[in-house]
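Input: a single structure, listed below in structure tokens.
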Amino acid sequence: MSGAQGKDPNLEKKADIQKAILESVLGELREELKVLDQDGWIDDASEQLQKISDRPEWLDVVPEALQEPQVPVVAIEFDEEYRDVLGLLRAMIKAGETSHRALWISAEAIKLSSANYSAWDWHWRCWEACGHQAEPELQLMQQIASDNPKNYQLWNFRRRFAVHRGAAYALEEMEFAADCLRVDAKNYHAWGHRHAMLRAFGLWGSELELTDLLLQDDPYNNSAWSQRHAAFTLALSSGTSGTSVADETDWTCRQILRAPRNWASWNYMRSLTALPMSRRGAWQGPRACAGICHQVLALHASCAPAWGLLAFVLQMQLQKAIAKRQPAIVAQAANKLKVALQQLCVADPTRAAYWTQMAESSIPVSARGD
């Protein structure tokens, strides 16, 4: 064997193959770069990498730096893009500029930080000054809602936007809120928006239909119960046809029978008794409430919400009898109320002290029998 080792032909062949593969890949990359260059993608990418303040349309603006103390308690870490955008926005606000570029830069600030109140506020002023183009704003709000459907600033802006557009777009606003509720049926921002639209434009009937559907799906949805109460009372006060306390009572009784231990449906029934007499028609509130209480208690003797509503009705009867100086009725109502409150102490032990206090404050000493 000679002193100099010969080259391994297998290694040489393997190196040639790897070199050929590398050259092939590089060739493909060169071709792709040519296509991207022809389509303008390379210029677009360079522009994206470029700071906005360095673009030609912004060269006349000096970004306004955030005024921070020399020794901040907590130094906020901003990335360069956000610092640049906020600097331009602050410059717009300082100069009082509400141009199209100010509208655009405020939108960029919102996309980077959707909780920025100042950005939303200036964006609204710019939108008012620039001719109220709706489509770009709808796209912006949809983007923010997709990322964070419980953003306070988004819903505040959306409400102002909706009221400005008027009744012709009310159904569109209701649908926008409904889309958010389909994701989270207890999104109180969406409920608040729908409530604002109800007060501004009406549409009580559609709201009663929606709350009915949501409560069929989840009878414990307190947000839907609250919205239904608002919609029903507003519909009743406006004289909307087909709206009656008697029908609403029948509907509520059906909800109670579906989930007898659900406090929300019982509290809703109680709220109907608080409606003005002029709105009730021939409906006898206390009698209807007592009826559903006895119906449920016959099946569920320890149902705390039923005992709670019954105690409320008996308390009203007792107060009325005391006011009219009817001692026989006072004694009878006081005895029934005492029993109801005793049952509540057992059925709802968490609030036993509250029910005991109610007995002491509501039932006259002469009628307690203890």
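Labeling convention for the structure tokens: chains A, B, ... as they appear, residues from 1 per chain, ligands from 1 in order of appearance.
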Original post:
If you count only C-alpha atoms, which residues fall within 12 Å of Leu309 of chain A, apart from same-chain ones fewer than 4 positions away, as number ranges by chain?
Top reply: A: 256, 261, 263-273, 285-294, 296-297, 303-305, 313-316, 337, 340-341, 344
Subject >> Expected answer as a ChimeraX atom specification: helix (DSSP H, G or I) residues in segment 127-342 of chain A >> reply: /A:127-129,134-147,152-165,167-183,188-201,204-217,222-237,245-258,263-272,277-280,285-297,304-323,327-342
**OP:** Write out as a VMD selection string the residues lying within 8 Å of Trp122 of chain A, counting only C-alpha atoms and excluding same-chain residues fewer than 6 positions away.
**Re:** chain A and resid 93 98 103 106
Keeping only N, CA, C and O atoms, write those residues as a CSV table (one decimal), in the first residue's frame.
chain,number,residue,atom,x,y,z
A,93,ILE,N,-52.5,64.3,16.5
A,93,ILE,CA,-53.3,64.8,17.5
A,93,ILE,C,-52.9,66.2,18.0
A,93,ILE,O,-53.7,67.1,18.1
A,98,THR,N,-57.0,66.0,10.9
A,98,THR,CA,-58.0,65.0,10.8
A,98,THR,C,-58.1,64.6,9.3
A,98,THR,O,-59.2,64.3,8.8
A,103,LEU,N,-56.5,59.5,9.6
A,103,LEU,CA,-57.5,58.4,9.7
A,103,LEU,C,-56.8,57.1,9.6
A,103,LEU,O,-57.0,56.1,10.4
A,106,SER,N,-54.4,56.3,12.6
A,106,SER,CA,-55.1,55.9,13.8
A,106,SER,C,-55.6,54.5,13.7
A,106,SER,O,-55.7,53.8,14.7
**OP:** Determine the nearest neighbour of Glu172 of chain A from the options A:Val339, A:Leu275, A:Pro219, A:Leu138, counting only C-alpha atoms.
**Re:**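 Of A:Val339, A:Leu275, A:Pro219, A:Leu138, the one nearest Glu172 of chain A, counting only C-alpha atoms, is A:Leu138.
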Residues at most 12 Å from segment 352-360 of chain A, counting only C-alpha atoms, excluding those fewer than 2 positions away in the same chain, as a short mmCIF file (atom, residue, chain, number, x, y, z; two decimals) with C-alpha atoms, in the first residue's frame?
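Below is the file that was written, result07.cif:
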data_model
loop_
_atom_site.label_atom_id
_atom_site.label_comp_id
_atom_site.auth_asym_id
_atom_site.auth_seq_id
_atom_site.Cartn_x
_atom_site.Cartn_y
_atom_site.Cartn_z
CA ALA A 304 -86.35 27.54 47.19
CA TRP A 307 -90.96 29.56 48.23
CA GLY A 308 -89.15 32.87 47.58
CA ALA A 311 -93.09 34.79 50.29
CA PHE A 312 -92.94 37.92 48.13
CA LEU A 314 -97.67 36.95 50.77
CA GLN A 315 -95.63 39.93 51.93
CA LEU A 318 -99.84 41.36 54.34
CA ALA A 334 -98.81 36.67 58.44
CA ASN A 335 -99.20 32.98 59.30
CA LYS A 336 -98.71 31.94 55.66
CA LEU A 337 -95.70 34.23 55.29
CA LYS A 338 -94.16 32.83 58.46
CA VAL A 339 -94.47 29.27 57.08
CA ALA A 340 -92.99 30.29 53.72
CA LEU A 341 -89.99 31.97 55.35
CA GLN A 342 -89.41 28.98 57.63
CA GLN A 343 -89.39 26.74 54.57
CA LEU A 344 -86.92 29.07 52.91
CA CYS A 345 -84.52 28.79 55.85
CA VAL A 346 -84.47 25.04 55.22
CA ALA A 347 -84.50 25.09 51.40
CA ASP A 348 -81.99 27.96 51.12
CA PRO A 349 -79.73 27.63 54.21
CA THR A 350 -77.04 29.89 52.73
CA SER A 362 -92.29 42.04 57.80
CA ILE A 363 -94.50 40.17 60.26
CA PRO A 364 -96.07 42.27 63.03
CA VAL A 365 -95.09 41.16 66.56
CA SER A 366 -98.73 40.54 67.39
CA ALA A 367 -99.03 38.07 64.49
CA ARG A 368 -95.78 36.10 64.99
CA GLY A 369 -97.12 33.68 67.58
CA ASP A 370 -93.69 33.05 69.14
#
**OP:** Tell me, in Å to one decimal, how far atom CA of Pro63 of chain A is from atom CA of Ala91 of chain A.
**Re:**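 Here the two named atoms are 5.7 Å from each other.
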